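Peer 1: Pasting my_file.txt here (compact mmCIF, C-alpha atoms):
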# COMPACT_ATOMS: atom_id res chain seq x y z
CA GLY A 1219 -110.27 6.38 7.49
CA GLU A 1220 -113.35 4.95 9.13
CA SER A 1221 -113.51 1.20 9.16
CA VAL A 1222 -114.96 -1.88 10.75
CA GLY A 1223 -112.45 -3.97 12.66
CA LEU A 1224 -112.33 -7.12 14.75
CA HIS A 1225 -110.57 -7.44 18.09
CA LEU A 1226 -109.33 -11.02 17.64
CA PRO A 1227 -108.37 -12.78 14.43
CA THR A 1228 -108.81 -16.30 15.89
CA LEU A 1229 -110.87 -17.79 18.68
CA SER A 1230 -110.69 -21.35 19.96
CA VAL A 1231 -113.47 -22.66 22.20
CA GLN A 1232 -114.49 -26.03 23.54
CA GLU A 1233 -117.67 -27.65 22.37
CA GLY A 1234 -120.53 -26.67 24.63
CA ASP A 1235 -118.96 -23.41 25.78
CA ASN A 1236 -120.31 -20.01 24.84
CA SER A 1237 -118.42 -17.97 22.23
CA ILE A 1238 -118.15 -14.21 22.02
CA ILE A 1239 -116.86 -12.52 18.90
CA ASN A 1240 -116.24 -8.79 19.05
CA CYS A 1241 -116.26 -6.04 16.48
CA ALA A 1242 -115.47 -2.34 16.67
CA TYR A 1243 -116.78 0.21 14.24
CA SER A 1244 -115.83 3.82 13.88
CA ASN A 1245 -118.44 5.22 11.49
CA SER A 1246 -120.95 7.04 13.68
CA ALA A 1247 -123.36 7.16 10.73
CA SER A 1248 -123.64 3.37 10.62
CA ASP A 1249 -127.18 2.39 11.53
CA TYR A 1250 -127.46 -1.23 10.50
CA PHE A 1251 -125.14 -4.09 11.32
CA ILE A 1252 -124.98 -7.69 10.18
CA TRP A 1253 -123.08 -10.77 11.26
CA TYR A 1254 -122.14 -13.33 8.63
CA LYS A 1255 -120.67 -16.81 8.89
CA GLN A 1256 -118.45 -18.16 6.15
CA GLU A 1257 -117.51 -21.80 5.93
CA SER A 1258 -114.67 -23.00 3.77
CA GLY A 1259 -115.57 -22.97 0.08
CA LYS A 1260 -118.87 -21.16 0.60
CA GLY A 1261 -120.17 -17.65 0.44
CA PRO A 1262 -121.01 -15.72 3.63
CA GLN A 1263 -124.22 -16.80 5.29
CA PHE A 1264 -126.44 -14.33 7.17
CA ILE A 1265 -126.62 -15.00 10.89
CA ILE A 1266 -128.32 -12.05 12.50
CA ASP A 1267 -128.71 -8.32 12.06
CA ILE A 1268 -129.44 -5.35 14.29
CA ARG A 1269 -130.50 -1.79 13.68
CA SER A 1270 -129.07 1.10 15.62
CA ASN A 1271 -132.33 1.75 17.46
CA MET A 1272 -131.80 -1.55 19.30
CA ASP A 1273 -129.07 -2.68 21.67
CA LYS A 1274 -129.79 -6.40 21.69
CA ARG A 1275 -131.30 -8.94 19.37
CA GLN A 1276 -131.62 -12.67 19.83
CA GLY A 1277 -131.85 -15.49 17.38
CA GLN A 1278 -131.52 -19.22 17.66
CA ARG A 1279 -128.44 -19.74 19.91
CA VAL A 1280 -127.09 -16.35 18.83
CA THR A 1281 -127.34 -12.91 20.36
CA VAL A 1282 -126.02 -9.67 18.96
CA LEU A 1283 -125.26 -6.78 21.28
CA LEU A 1284 -124.75 -3.23 20.10
CA ASN A 1285 -123.13 -0.56 22.22
CA LYS A 1286 -123.36 2.70 20.31
CA THR A 1287 -121.61 4.66 23.04
CA VAL A 1288 -118.34 2.84 22.44
CA LYS A 1289 -119.14 1.77 18.89
CA HIS A 1290 -118.90 -1.91 19.69
CA LEU A 1291 -120.74 -4.92 18.36
CA SER A 1292 -120.56 -8.49 19.62
CA LEU A 1293 -121.90 -11.87 18.57
CA GLN A 1294 -122.59 -14.41 21.25
CA ILE A 1295 -123.04 -18.06 20.33
CA ALA A 1296 -124.49 -20.27 23.03
CA ALA A 1297 -123.45 -23.90 23.47
CA THR A 1298 -120.98 -23.75 20.60
CA GLN A 1299 -121.00 -26.78 18.33
CA PRO A 1300 -118.39 -28.15 15.91
CA GLY A 1301 -120.60 -26.96 13.04
CA ASP A 1302 -120.08 -23.41 14.26
CA SER A 1303 -116.44 -23.55 13.20
CA ALA A 1304 -116.10 -20.91 10.50
CA VAL A 1305 -114.97 -17.36 9.88
CA TYR A 1306 -117.34 -14.74 11.25
CA PHE A 1307 -117.62 -11.28 9.78
CA CYS A 1308 -119.33 -8.22 11.08
CA ALA A 1309 -120.50 -5.70 8.52
CA GLU A 1310 -121.90 -2.22 8.75
CA ASN A 1311 -124.36 -0.91 6.23
CA ILE A 1312 -123.31 2.59 5.30
CA PHE A 1313 -125.60 4.94 3.44
CA ASN A 1314 -124.25 7.68 1.27
CA SER A 1315 -126.79 10.11 -0.12
CA ASN A 1316 -124.91 10.25 -3.40
CA SER A 1317 -124.19 6.60 -3.91
CA GLY A 1318 -126.64 4.59 -1.81
CA TYR A 1319 -125.93 1.66 0.48
CA ALA A 1320 -122.85 -0.50 0.77
CA LEU A 1321 -121.71 -3.15 3.22
CA ASN A 1322 -118.35 -2.52 4.86
CA PHE A 1323 -116.94 -5.80 6.21
CA GLY A 1324 -114.50 -6.42 9.00
CA LYS A 1325 -111.49 -8.68 8.44
CA GLY A 1326 -113.12 -11.67 10.08
CA THR A 1327 -112.59 -13.88 13.14
CA SER A 1328 -111.86 -17.55 12.72
CA LEU A 1329 -113.78 -19.61 15.26
CA LEU A 1330 -112.46 -23.09 15.97
CA VAL A 1331 -114.56 -25.41 18.10
CA THR A 1332 -112.66 -28.24 19.70
CA PRO A 1333 -114.29 -31.40 21.08
CA LYS B 170 -136.53 -20.69 -3.63
CA ALA B 171 -133.26 -21.29 -5.38
CA GLY B 172 -130.34 -19.37 -3.94
CA VAL B 173 -127.92 -17.03 -5.61
CA THR B 174 -125.99 -18.78 -8.34
CA GLN B 175 -122.67 -17.76 -9.80
CA THR B 176 -120.91 -19.04 -12.88
CA PRO B 177 -118.33 -20.20 -13.44
CA ARG B 178 -117.23 -21.46 -10.03
CA TYR B 179 -113.56 -21.57 -10.98
CA LEU B 180 -111.60 -19.70 -13.61
CA ILE B 181 -107.96 -19.50 -14.58
CA LYS B 182 -106.75 -16.63 -16.73
CA THR B 183 -103.43 -15.05 -17.63
CA ARG B 184 -102.31 -11.49 -17.15
CA GLY B 185 -103.70 -9.06 -19.68
CA GLN B 186 -106.79 -11.11 -20.44
CA GLN B 187 -110.30 -10.11 -19.54
CA VAL B 188 -112.96 -12.06 -17.71
CA THR B 189 -116.73 -11.95 -17.30
CA LEU B 190 -118.45 -13.41 -14.27
CA SER B 191 -122.16 -14.03 -13.99
CA CYS B 192 -124.60 -13.87 -11.11
CA SER B 193 -128.25 -14.90 -10.97
CA PRO B 194 -130.01 -13.45 -7.92
CA ILE B 195 -132.78 -15.03 -5.93
CA SER B 196 -136.04 -14.81 -7.84
CA GLY B 197 -137.72 -11.49 -7.13
CA HIS B 198 -134.59 -9.79 -5.84
CA ARG B 199 -133.72 -6.59 -7.65
CA SER B 200 -130.49 -5.61 -5.94
CA VAL B 201 -127.21 -7.31 -6.79
CA SER B 202 -123.92 -6.43 -5.14
CA TRP B 203 -120.44 -7.66 -5.98
CA TYR B 204 -117.55 -8.16 -3.58
CA GLN B 205 -113.93 -9.18 -3.90
CA GLN B 206 -112.51 -11.40 -1.18
CA THR B 207 -108.77 -11.89 -0.69
CA PRO B 208 -106.80 -13.14 2.34
CA GLY B 209 -105.03 -9.81 2.68
CA GLN B 210 -107.86 -7.35 2.14
CA GLY B 211 -110.85 -9.37 3.24
CA LEU B 212 -114.24 -8.64 1.71
CA GLN B 213 -114.31 -5.46 -0.30
CA PHE B 214 -117.34 -3.92 -1.96
CA LEU B 215 -117.12 -3.52 -5.72
CA PHE B 216 -120.51 -2.18 -6.79
CA GLU B 217 -124.25 -2.54 -6.42
CA TYR B 218 -126.92 -2.64 -9.08
CA PHE B 219 -130.59 -2.05 -8.56
CA SER B 220 -133.13 -2.17 -11.39
CA GLU B 221 -130.36 -2.10 -14.00
CA THR B 222 -128.75 1.01 -12.50
CA GLN B 223 -125.45 1.15 -10.66
CA ARG B 224 -126.40 2.57 -7.29
CA ASN B 225 -123.10 2.41 -5.49
CA LYS B 226 -119.47 1.82 -6.34
CA GLY B 227 -116.49 0.85 -4.24
CA ASN B 228 -112.93 2.00 -4.56
CA PHE B 229 -111.74 -0.15 -7.45
CA PRO B 230 -110.10 0.88 -10.73
CA GLY B 231 -112.08 1.31 -13.90
CA ARG B 232 -110.92 -2.11 -15.10
CA PHE B 233 -113.71 -3.47 -12.93
CA SER B 234 -117.14 -2.93 -14.39
CA GLY B 235 -120.55 -4.47 -14.21
CA ARG B 236 -124.06 -4.40 -15.50
CA GLN B 237 -127.47 -5.68 -14.66
CA PHE B 238 -130.10 -6.98 -17.04
CA SER B 239 -133.85 -6.52 -16.95
CA ASN B 240 -134.26 -9.95 -15.32
CA SER B 241 -131.92 -8.76 -12.52
CA ARG B 242 -129.11 -11.09 -13.57
CA SER B 243 -125.78 -9.35 -13.31
CA GLU B 244 -122.35 -9.64 -14.84
CA MET B 245 -119.07 -8.18 -13.80
CA ASN B 246 -116.11 -7.74 -16.09
CA VAL B 247 -112.47 -7.31 -15.31
CA SER B 248 -110.25 -6.17 -18.16
CA THR B 249 -106.46 -6.30 -18.44
CA LEU B 250 -106.15 -8.79 -15.62
CA GLU B 251 -103.36 -8.42 -13.09
CA LEU B 252 -101.94 -11.01 -10.71
CA GLY B 253 -103.49 -9.11 -7.82
CA ASP B 254 -106.96 -9.70 -9.24
CA SER B 255 -106.77 -13.31 -8.11
CA ALA B 256 -109.57 -13.58 -5.58
CA LEU B 257 -112.95 -15.00 -4.72
CA TYR B 258 -115.63 -12.84 -6.31
CA LEU B 259 -118.89 -12.92 -4.46
CA CYS B 260 -122.30 -11.81 -5.57
CA ALA B 261 -125.10 -11.00 -3.15
CA SER B 262 -128.74 -10.23 -3.80
CA SER B 263 -131.42 -8.57 -1.73
CA GLY B 264 -135.02 -7.63 -2.17
CA THR B 265 -134.42 -3.92 -2.23
CA SER B 266 -131.48 -1.59 -2.06
CA GLY B 267 -130.74 -0.65 1.52
CA TYR B 268 -131.81 -2.14 4.84
CA ASN B 269 -132.05 -5.68 3.79
CA GLU B 270 -130.31 -8.95 4.40
CA GLN B 271 -128.02 -9.81 1.53
CA PHE B 272 -127.88 -13.40 0.35
CA PHE B 273 -124.54 -14.49 -1.01
CA GLY B 274 -123.70 -16.92 -3.74
CA PRO B 275 -120.85 -19.44 -3.50
CA GLY B 276 -118.49 -17.18 -5.42
CA THR B 277 -116.24 -17.49 -8.44
CA ARG B 278 -112.62 -18.32 -7.69
CA LEU B 279 -110.47 -16.41 -10.19
CA THR B 280 -106.81 -17.25 -10.51
CA VAL B 281 -104.62 -15.01 -12.65
CA LEU B 282 -101.32 -16.52 -13.79
Using structure tokens, write down the structure that the file contains.
Peer 2:
Amino acid sequence: GESVGLHLPTLSVQEGDNSIINCAYSNSASDYFIWYKQESGKGPQFIIDIRSNMDKRQGQRVTVLLNKTVKHLSLQIAATQPGDSAVYFCAENIFNSNSGYALNFGKGTSLLVTP
Amino acid sequence: KAGVTQTPRYLIKTRGQQVTLSCSPISGHRSVSWYQQTPGQGLQFLFEYFSETQRNKGNFPGRFSGRQFSNSRSEMNVSTLELGDSALYLCASSGTSGYNEQFFGPGTRLTVL
């Protein structure tokens, strides 16, 4: 079936480096995507979102890129800090005319920032 | 604004029992969604409520149910608990149903023995 997936389950980067977390989606009807960060013992925290009419969106130290041609989404974190260590999830917002909206989450990538 | 709150934070039950979890959304938010998070399956959508109506439902058995009250607070119930129901149950609220950022609560950790 259609699903959201992540290319790498774990990513280790050095403090100060840039991080790139990738996500593939297969539902061509997906038109809204969100990245969440989840720290241990907490619920997911919104990082950044992007609609399908855009291919890039920037936030504070984060950039999301959307390539609809290959159904690929990435999260770039600039100057990664120890506080960025967490699990990152991409999610696609799928609309069904019968049942409304639902978020479909990927499995998550664990980002570990080493000093 | 206060964030999404969930009670209780931790719960231990035995097989066959039932459980009710509670979620209070951010003030003014009318949409509440529930998710189950397990190490094996990740985050899976359970259902969404908007203005007291279930708008969307995930692929879970009928043992999982929910409701929303007029003040937008929501409860979910799991009957006849199974070991596999052990998970972190997350609630998220948003201003409207659809293209909106969802704000998550800290979750309720349910352990079924």
Peer 1: Chain A residues within 9 Å of chain B, counting only C-alpha atoms: which ones, as a list in words?
Peer 2: Tyr1250, Ile1252, Gly1259, Lys1260, Gly1261, Pro1262, Gln1263, Phe1264, Ile1266, Asp1267, Arg1269, Asn1311, Ile1312, Phe1313, Asn1314, Asn1316, Ser1317, Gly1318, Tyr1319, Ala1320, Leu1321, Asn1322, Phe1323, Gly1324, Lys1325 and Gly1326 of chain A
Peer 1: Work out how far apart atom CA of Ile1239 of chain A and atom CA of Thr1287 of chain A are and give it in Å to one decimal.
Peer 2: 18.3 Å
Peer 1: Restricting the calculation to all atoms listed in the file, which member of B:Thr189, B:Asn246, B:Ser200, B:Ser234 is positioned closest to Ser263 of chain B?
Peer 2: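 Under the stated criterion, the closest residue is B:Ser200.
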Peer 1: Could you give me, as a list in words, the residues that have an atom at most 12 Å away from the point (-127.2, -2.7, -18.9) in the coordinates of the file, using all atoms listed in the file?
Peer 2: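 Answer for this query, in the requested form: Tyr218, Phe219, Ser220, Glu221, Thr222, Gln223, Ser234, Gly235, Arg236, Gln237, Phe238, Ser239, Asn240, Ser241, Arg242, Ser243, Glu244 and Met245 of chain B.
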Peer 1: Near segment 1294-1309 of chain A, within 7 Å and counting all atoms listed in the file, which residues show up once chain neighbours fewer than 4 positions away are dropped, as a PDB file with C-alpha atoms, in the coordinates of the input?
Peer 2:
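Contents of the output file selection-v7.pdb:
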ATOM      1  CA  GLU A1233    -117.670 -27.650  22.370  1.00  0.00           C
ATOM      2  CA  GLY A1234    -120.530 -26.670  24.630  1.00  0.00           C
ATOM      3  CA  ASP A1235    -118.960 -23.410  25.780  1.00  0.00           C
ATOM      4  CA  ASN A1236    -120.310 -20.010  24.840  1.00  0.00           C
ATOM      5  CA  SER A1237    -118.420 -17.970  22.230  1.00  0.00           C
ATOM      6  CA  ILE A1238    -118.150 -14.210  22.020  1.00  0.00           C
ATOM      7  CA  ILE A1239    -116.860 -12.520  18.900  1.00  0.00           C
ATOM      8  CA  CYS A1241    -116.260  -6.040  16.480  1.00  0.00           C
ATOM      9  CA  PHE A1251    -125.140  -4.090  11.320  1.00  0.00           C
ATOM     10  CA  ILE A1252    -124.980  -7.690  10.180  1.00  0.00           C
ATOM     11  CA  TRP A1253    -123.080 -10.770  11.260  1.00  0.00           C
ATOM     12  CA  TYR A1254    -122.140 -13.330   8.630  1.00  0.00           C
ATOM     13  CA  LYS A1255    -120.670 -16.810   8.890  1.00  0.00           C
ATOM     14  CA  GLN A1256    -118.450 -18.160   6.150  1.00  0.00           C
ATOM     15  CA  GLU A1257    -117.510 -21.800   5.930  1.00  0.00           C
ATOM     16  CA  ARG A1279    -128.440 -19.740  19.910  1.00  0.00           C
ATOM     17  CA  VAL A1280    -127.090 -16.350  18.830  1.00  0.00           C
ATOM     18  CA  THR A1281    -127.340 -12.910  20.360  1.00  0.00           C
ATOM     19  CA  VAL A1282    -126.020  -9.670  18.960  1.00  0.00           C
ATOM     20  CA  LEU A1321    -121.710  -3.150   3.220  1.00  0.00           C
ATOM     21  CA  ASN A1322    -118.350  -2.520   4.860  1.00  0.00           C
ATOM     22  CA  PHE A1323    -116.940  -5.800   6.210  1.00  0.00           C
ATOM     23  CA  GLY A1324    -114.500  -6.420   9.000  1.00  0.00           C
ATOM     24  CA  LYS A1325    -111.490  -8.680   8.440  1.00  0.00           C
ATOM     25  CA  GLY A1326    -113.120 -11.670  10.080  1.00  0.00           C
ATOM     26  CA  THR A1327    -112.590 -13.880  13.140  1.00  0.00           C
ATOM     27  CA  SER A1328    -111.860 -17.550  12.720  1.00  0.00           C
ATOM     28  CA  LEU A1329    -113.780 -19.610  15.260  1.00  0.00           C
ATOM     29  CA  LEU A1330    -112.460 -23.090  15.970  1.00  0.00           C
ATOM     30  CA  VAL A1331    -114.560 -25.410  18.100  1.00  0.00           C
ATOM     31  CA  THR A1332    -112.660 -28.240  19.700  1.00  0.00           C
TER      32      THR A1332
END
Peer 1: Ranking B:Leu180, B:Arg232, B:Gly197, B:Gly172 by minimum distance to Leu279 of chain B and counting all atoms listed in the file, which one comes first?
Peer 2: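 Going through B:Leu180, B:Arg232, B:Gly197, B:Gly172 one by one, the smallest distance to Leu279 of chain B is for B:Leu180.
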Peer 1: Quick one, how far is atom CA of Gln187 of chain B from atom CA of Val281 of chain B?
Peer 2: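 Going from atom CA of Gln187 of chain B over to atom CA of Val281 of chain B covers 10.2 Å.
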Peer 1: If you measure from atom CA of Gln205 of chain B to atom CA of Ala256 of chain B, what distance in Å do you get, rounded to one decimal?
Peer 2: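 These two atoms are separated by 6.4 Å.
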